Amino acid sequence: MEPLNPNQVDAWLREGLFHKLLGTLIPDVVVHAAGDLLNIQAVFDFKFPCPKDKEASWHEYHPNHPFHPLNQQTVYEEAFKAEVMSVRPAFGVTR
């Protein structure tokens, strides 16, 4: 695993090259050791239910995606080797 250059990502997005990001992982919050981006301590991902009466959950990747048949939580756990938690309105932080 290696971080992408933010300037390169911005350029791809401006140029409409979204396919270049297929298979990348972009959690909402990553807590890492000071000065060491690859020493990940915890990962948080915000989950918003839609509709509001339905509990939010980790999504499954579609059949043509590189991470199929896994779900997002499993992929994050395997890739980041850290505790992965969801943050959900009205529910708080869950593992």
# chains A, B, ... in the order shown; residues from 1 in each chain; ligands from 1
$ select_by_dssp --residues "stretch 7-94 of chain A" --states "strand (DSSP E or B)" --output "list in words"
Val29, Val30, Val31, His32, Ile40, Gln41, Ala42, Val43, Phe44, Asp45, Phe46, Glu60, Asn71, Glu83, Val84, Met85, Ser86, Val87, Arg88, Gly92, Val93 and Thr94 of chain A
$ write_last_selection --atoms "N, CA and C atoms" --output "CSV table (one decimal), in the first residue's frame"
chain,number,residue,atom,x,y,z
A,29,VAL,N,-11.8,9.1,7.7
A,29,VAL,CA,-10.8,9.5,8.7
A,29,VAL,C,-9.8,8.4,9.0
A,30,VAL,N,-8.5,8.7,8.9
A,30,VAL,CA,-7.5,7.7,9.2
A,30,VAL,C,-6.6,8.4,10.3
A,31,VAL,N,-6.4,7.6,11.4
A,31,VAL,CA,-5.6,8.1,12.5
A,31,VAL,C,-4.3,7.3,12.4
A,32,HIS,N,-3.2,8.0,12.2
A,32,HIS,CA,-1.9,7.3,12.1
A,32,HIS,C,-0.9,7.9,13.1
A,40,ILE,N,-0.8,3.1,10.5
A,40,ILE,CA,-2.2,3.4,10.8
A,40,ILE,C,-2.7,2.8,12.1
A,41,GLN,N,-3.3,3.6,12.9
A,41,GLN,CA,-3.8,3.2,14.2
A,41,GLN,C,-5.3,2.8,14.2
A,42,ALA,N,-6.1,3.6,13.4
A,42,ALA,CA,-7.5,3.4,13.4
A,42,ALA,C,-8.1,4.0,12.1
A,43,VAL,N,-9.2,3.5,11.6
A,43,VAL,CA,-9.9,4.0,10.4
A,43,VAL,C,-11.4,4.2,10.8
A,44,PHE,N,-11.9,5.3,10.4
A,44,PHE,CA,-13.3,5.6,10.7
A,44,PHE,C,-14.0,6.0,9.3
A,45,ASP,N,-15.2,5.4,9.1
A,45,ASP,CA,-15.9,5.7,7.9
A,45,ASP,C,-17.3,6.1,8.3
A,46,PHE,N,-17.8,7.3,7.8
A,46,PHE,CA,-19.1,7.8,8.1
A,46,PHE,C,-20.2,7.0,7.3
A,60,GLU,N,-21.5,-3.6,0.0
A,60,GLU,CA,-20.8,-4.7,-0.8
A,60,GLU,C,-20.4,-4.1,-2.1
A,71,ASN,N,-16.9,-6.9,1.4
A,71,ASN,CA,-17.5,-5.6,1.7
A,71,ASN,C,-16.5,-4.6,2.1
A,83,GLU,N,-7.8,-1.2,13.4
A,83,GLU,CA,-9.2,-1.2,13.8
A,83,GLU,C,-10.0,-0.3,12.8
A,84,VAL,N,-11.1,-0.9,12.3
A,84,VAL,CA,-12.0,-0.1,11.4
A,84,VAL,C,-13.4,0.0,12.0
A,85,MET,N,-13.8,1.3,12.1
A,85,MET,CA,-15.1,1.5,12.8
A,85,MET,C,-16.0,2.4,11.9
A,86,SER,N,-17.3,2.2,12.0
A,86,SER,CA,-18.2,3.1,11.3
A,86,SER,C,-18.7,4.2,12.3
A,87,VAL,N,-19.0,5.3,11.8
A,87,VAL,CA,-19.6,6.4,12.6
A,87,VAL,C,-20.9,6.7,12.0
A,88,ARG,N,-22.0,6.5,12.8
A,88,ARG,CA,-23.3,6.7,12.3
A,88,ARG,C,-24.1,7.6,13.1
A,92,GLY,N,-23.7,6.4,16.9
A,92,GLY,CA,-22.3,6.6,17.4
A,92,GLY,C,-21.3,5.8,16.6
A,93,VAL,N,-20.2,5.4,17.3
A,93,VAL,CA,-19.1,4.7,16.7
A,93,VAL,C,-19.3,3.2,17.0
A,94,THR,N,-19.3,2.4,15.9
A,94,THR,CA,-19.4,0.9,16.1
A,94,THR,C,-18.3,0.2,15.3
$ select_by_dssp --residues "chain A" --states "helix (DSSP H, G or I)" --output "list in words"
Pro6, Asn7, Gln8, Val9, Asp10, Ala11, Trp12, Leu13, Arg14, Phe18, His19, Lys20, Leu21, Gln72, Gln73, Thr74, Val75, Tyr76, Glu77, Glu78, Ala79 and Phe80 of chain A
$ write_last_selection --atoms "N, CA and C atoms" --output "CSV table (one decimal), in the first residue's frame"
chain,number,residue,atom,x,y,z
A,6,PRO,N,-1.6,13.7,-3.9
A,6,PRO,CA,-2.9,14.4,-4.0
A,6,PRO,C,-2.9,15.3,-5.2
A,7,ASN,N,-1.8,15.8,-5.7
A,7,ASN,CA,-1.8,16.6,-6.9
A,7,ASN,C,-2.2,15.8,-8.1
A,8,GLN,N,-1.7,14.6,-8.2
A,8,GLN,CA,-2.0,13.7,-9.3
A,8,GLN,C,-3.5,13.3,-9.3
A,9,VAL,N,-4.0,13.0,-8.1
A,9,VAL,CA,-5.4,12.7,-7.9
A,9,VAL,C,-6.3,13.8,-8.4
A,10,ASP,N,-5.9,15.1,-8.0
A,10,ASP,CA,-6.7,16.3,-8.4
A,10,ASP,C,-6.6,16.4,-9.9
A,11,ALA,N,-5.5,16.1,-10.5
A,11,ALA,CA,-5.4,16.2,-12.0
A,11,ALA,C,-6.3,15.2,-12.7
A,12,TRP,N,-6.2,14.0,-12.2
A,12,TRP,CA,-7.1,12.9,-12.8
A,12,TRP,C,-8.6,13.3,-12.7
A,13,LEU,N,-9.0,13.9,-11.5
A,13,LEU,CA,-10.4,14.2,-11.4
A,13,LEU,C,-10.7,15.4,-12.3
A,14,ARG,N,-9.9,16.4,-12.4
A,14,ARG,CA,-10.1,17.5,-13.3
A,14,ARG,C,-10.2,17.1,-14.8
A,18,PHE,N,-11.6,9.3,-13.9
A,18,PHE,CA,-12.1,8.7,-12.7
A,18,PHE,C,-11.7,7.2,-12.6
A,19,HIS,N,-11.6,6.5,-13.7
A,19,HIS,CA,-11.2,5.1,-13.7
A,19,HIS,C,-9.8,4.9,-13.1
A,20,LYS,N,-9.0,5.9,-13.1
A,20,LYS,CA,-7.6,5.8,-12.5
A,20,LYS,C,-7.7,5.5,-11.0
A,21,LEU,N,-8.9,5.8,-10.4
A,21,LEU,CA,-9.0,5.7,-8.9
A,21,LEU,C,-9.8,4.4,-8.6
A,72,GLN,N,-16.9,-3.3,2.2
A,72,GLN,CA,-15.9,-2.3,2.4
A,72,GLN,C,-15.2,-2.4,3.8
A,73,GLN,N,-15.8,-2.9,4.8
A,73,GLN,CA,-15.2,-3.1,6.1
A,73,GLN,C,-14.1,-4.1,6.0
A,74,THR,N,-14.4,-5.2,5.4
A,74,THR,CA,-13.4,-6.3,5.2
A,74,THR,C,-12.1,-5.8,4.5
A,75,VAL,N,-12.4,-5.1,3.4
A,75,VAL,CA,-11.3,-4.6,2.6
A,75,VAL,C,-10.4,-3.6,3.4
A,76,TYR,N,-11.1,-2.7,4.1
A,76,TYR,CA,-10.3,-1.7,4.9
A,76,TYR,C,-9.5,-2.5,6.0
A,77,GLU,N,-10.1,-3.5,6.7
A,77,GLU,CA,-9.4,-4.2,7.7
A,77,GLU,C,-8.1,-4.9,7.1
A,78,GLU,N,-8.3,-5.5,5.9
A,78,GLU,CA,-7.2,-6.2,5.3
A,78,GLU,C,-6.1,-5.3,4.8
A,79,ALA,N,-6.5,-4.1,4.3
A,79,ALA,CA,-5.6,-3.2,3.7
A,79,ALA,C,-4.8,-2.4,4.7
A,80,PHE,N,-5.6,-1.9,5.7
A,80,PHE,CA,-5.0,-1.0,6.7
A,80,PHE,C,-4.4,-1.7,7.9
$ closest_residue --among "A:Ala82, A:Pro89, A:Asn39, A:Pro69" --to "A:Pro3" --atoms "only C-alpha atoms"
A:Asn39
$ decode --residues "stretch 32-63 of chain A" --atoms "N, CA and C atoms" --output "PDB file, in the first residue's frame"
ATOM      1  N   HIS A  32      -3.174   7.993  12.249  1.00  0.00           N
ATOM      2  CA  HIS A  32      -1.886   7.313  12.085  1.00  0.00           C
ATOM      3  C   HIS A  32      -0.870   7.884  13.067  1.00  0.00           C
ATOM      4  N   ALA A  33       0.235   7.169  13.237  1.00  0.00           N
ATOM      5  CA  ALA A  33       1.304   7.635  14.118  1.00  0.00           C
ATOM      6  C   ALA A  33       1.886   8.929  13.555  1.00  0.00           C
ATOM      7  N   ALA A  34       2.270   9.815  14.441  1.00  0.00           N
ATOM      8  CA  ALA A  34       2.820  11.110  14.032  1.00  0.00           C
ATOM      9  C   ALA A  34       3.998  10.923  13.084  1.00  0.00           C
ATOM     10  N   GLY A  35       3.894  11.552  11.917  1.00  0.00           N
ATOM     11  CA  GLY A  35       4.977  11.526  10.949  1.00  0.00           C
ATOM     12  C   GLY A  35       5.100  10.257  10.128  1.00  0.00           C
ATOM     13  N   ASP A  36       4.183   9.316  10.307  1.00  0.00           N
ATOM     14  CA  ASP A  36       4.275   8.044   9.585  1.00  0.00           C
ATOM     15  C   ASP A  36       2.907   7.674   9.012  1.00  0.00           C
ATOM     16  N   LEU A  37       2.647   8.089   7.777  1.00  0.00           N
ATOM     17  CA  LEU A  37       1.336   7.862   7.159  1.00  0.00           C
ATOM     18  C   LEU A  37       0.974   6.391   7.034  1.00  0.00           C
ATOM     19  N   LEU A  38       1.949   5.509   6.991  1.00  0.00           N
ATOM     20  CA  LEU A  38       1.659   4.088   6.813  1.00  0.00           C
ATOM     21  C   LEU A  38       1.527   3.331   8.130  1.00  0.00           C
ATOM     22  N   ASN A  39       1.751   3.998   9.251  1.00  0.00           N
ATOM     23  CA  ASN A  39       1.560   3.381  10.565  1.00  0.00           C
ATOM     24  C   ASN A  39       0.163   3.751  11.062  1.00  0.00           C
ATOM     25  N   ILE A  40      -0.822   3.053  10.529  1.00  0.00           N
ATOM     26  CA  ILE A  40      -2.229   3.385  10.762  1.00  0.00           C
ATOM     27  C   ILE A  40      -2.703   2.774  12.074  1.00  0.00           C
ATOM     28  N   GLN A  41      -3.339   3.604  12.885  1.00  0.00           N
ATOM     29  CA  GLN A  41      -3.833   3.186  14.195  1.00  0.00           C
ATOM     30  C   GLN A  41      -5.318   2.846  14.174  1.00  0.00           C
ATOM     31  N   ALA A  42      -6.094   3.601  13.420  1.00  0.00           N
ATOM     32  CA  ALA A  42      -7.543   3.377  13.355  1.00  0.00           C
ATOM     33  C   ALA A  42      -8.101   4.014  12.086  1.00  0.00           C
ATOM     34  N   VAL A  43      -9.217   3.455  11.628  1.00  0.00           N
ATOM     35  CA  VAL A  43      -9.896   3.957  10.429  1.00  0.00           C
ATOM     36  C   VAL A  43     -11.366   4.158  10.785  1.00  0.00           C
ATOM     37  N   PHE A  44     -11.910   5.315  10.416  1.00  0.00           N
ATOM     38  CA  PHE A  44     -13.317   5.624  10.656  1.00  0.00           C
ATOM     39  C   PHE A  44     -13.978   5.952   9.322  1.00  0.00           C
ATOM     40  N   ASP A  45     -15.173   5.445   9.121  1.00  0.00           N
ATOM     41  CA  ASP A  45     -15.916   5.744   7.903  1.00  0.00           C
ATOM     42  C   ASP A  45     -17.334   6.150   8.298  1.00  0.00           C
ATOM     43  N   PHE A  46     -17.793   7.284   7.805  1.00  0.00           N
ATOM     44  CA  PHE A  46     -19.130   7.774   8.119  1.00  0.00           C
ATOM     45  C   PHE A  46     -20.165   7.009   7.311  1.00  0.00           C
ATOM     46  N   LYS A  47     -21.221   6.567   7.979  1.00  0.00           N
ATOM     47  CA  LYS A  47     -22.306   5.827   7.333  1.00  0.00           C
ATOM     48  C   LYS A  47     -23.614   6.556   7.618  1.00  0.00           C
ATOM     49  N   PHE A  48     -24.288   6.949   6.557  1.00  0.00           N
ATOM     50  CA  PHE A  48     -25.539   7.678   6.697  1.00  0.00           C
ATOM     51  C   PHE A  48     -26.673   6.835   6.144  1.00  0.00           C
ATOM     52  N   PRO A  49     -27.666   6.521   6.980  1.00  0.00           N
ATOM     53  CA  PRO A  49     -28.772   5.694   6.505  1.00  0.00           C
ATOM     54  C   PRO A  49     -29.648   6.440   5.515  1.00  0.00           C
ATOM     55  N   CYS A  50     -30.145   5.698   4.568  1.00  0.00           N
ATOM     56  CA  CYS A  50     -31.069   6.253   3.587  1.00  0.00           C
ATOM     57  C   CYS A  50     -32.052   5.142   3.223  1.00  0.00           C
ATOM     58  N   PRO A  51     -33.295   5.221   3.559  1.00  0.00           N
ATOM     59  CA  PRO A  51     -33.970   6.282   4.310  1.00  0.00           C
ATOM     60  C   PRO A  51     -33.575   6.265   5.787  1.00  0.00           C
ATOM     61  N   LYS A  52     -34.017   7.304   6.506  1.00  0.00           N
ATOM     62  CA  LYS A  52     -33.593   7.490   7.890  1.00  0.00           C
ATOM     63  C   LYS A  52     -34.005   6.354   8.820  1.00  0.00           C
ATOM     64  N   ASP A  53     -35.052   5.621   8.487  1.00  0.00           N
ATOM     65  CA  ASP A  53     -35.493   4.540   9.376  1.00  0.00           C
ATOM     66  C   ASP A  53     -34.732   3.235   9.140  1.00  0.00           C
ATOM     67  N   LYS A  54     -33.785   3.244   8.212  1.00  0.00           N
ATOM     68  CA  LYS A  54     -32.991   2.054   7.915  1.00  0.00           C
ATOM     69  C   LYS A  54     -31.572   2.248   8.442  1.00  0.00           C
ATOM     70  N   GLU A  55     -31.061   1.239   9.133  1.00  0.00           N
ATOM     71  CA  GLU A  55     -29.710   1.320   9.674  1.00  0.00           C
ATOM     72  C   GLU A  55     -28.680   1.295   8.543  1.00  0.00           C
ATOM     73  N   ALA A  56     -27.691   2.165   8.637  1.00  0.00           N
ATOM     74  CA  ALA A  56     -26.621   2.201   7.634  1.00  0.00           C
ATOM     75  C   ALA A  56     -25.694   1.007   7.829  1.00  0.00           C
ATOM     76  N   SER A  57     -25.093   0.559   6.745  1.00  0.00           N
ATOM     77  CA  SER A  57     -24.195  -0.590   6.846  1.00  0.00           C
ATOM     78  C   SER A  57     -23.045  -0.452   5.845  1.00  0.00           C
ATOM     79  N   TRP A  58     -22.055  -1.334   5.980  1.00  0.00           N
ATOM     80  CA  TRP A  58     -20.933  -1.367   5.044  1.00  0.00           C
ATOM     81  C   TRP A  58     -21.431  -1.900   3.716  1.00  0.00           C
ATOM     82  N   HIS A  59     -21.072  -1.237   2.627  1.00  0.00           N
ATOM     83  CA  HIS A  59     -21.593  -1.667   1.328  1.00  0.00           C
ATOM     84  C   HIS A  59     -20.783  -2.833   0.761  1.00  0.00           C
ATOM     85  N   GLU A  60     -21.474  -3.623  -0.024  1.00  0.00           N
ATOM     86  CA  GLU A  60     -20.839  -4.719  -0.759  1.00  0.00           C
ATOM     87  C   GLU A  60     -20.374  -4.145  -2.099  1.00  0.00           C
ATOM     88  N   TYR A  61     -19.232  -4.596  -2.572  1.00  0.00           N
ATOM     89  CA  TYR A  61     -18.741  -4.143  -3.872  1.00  0.00           C
ATOM     90  C   TYR A  61     -19.477  -4.875  -4.992  1.00  0.00           C
ATOM     91  N   HIS A  62     -19.755  -4.181  -6.086  1.00  0.00           N
ATOM     92  CA  HIS A  62     -20.498  -4.770  -7.204  1.00  0.00           C
ATOM     93  C   HIS A  62     -19.624  -5.793  -7.938  1.00  0.00           C
ATOM     94  N   PRO A  63     -20.237  -6.699  -8.686  1.00  0.00           N
ATOM     95  CA  PRO A  63     -19.505  -7.814  -9.317  1.00  0.00           C
ATOM     96  C   PRO A  63     -18.331  -7.421 -10.208  1.00  0.00           C
TER      97      PRO A  63
END
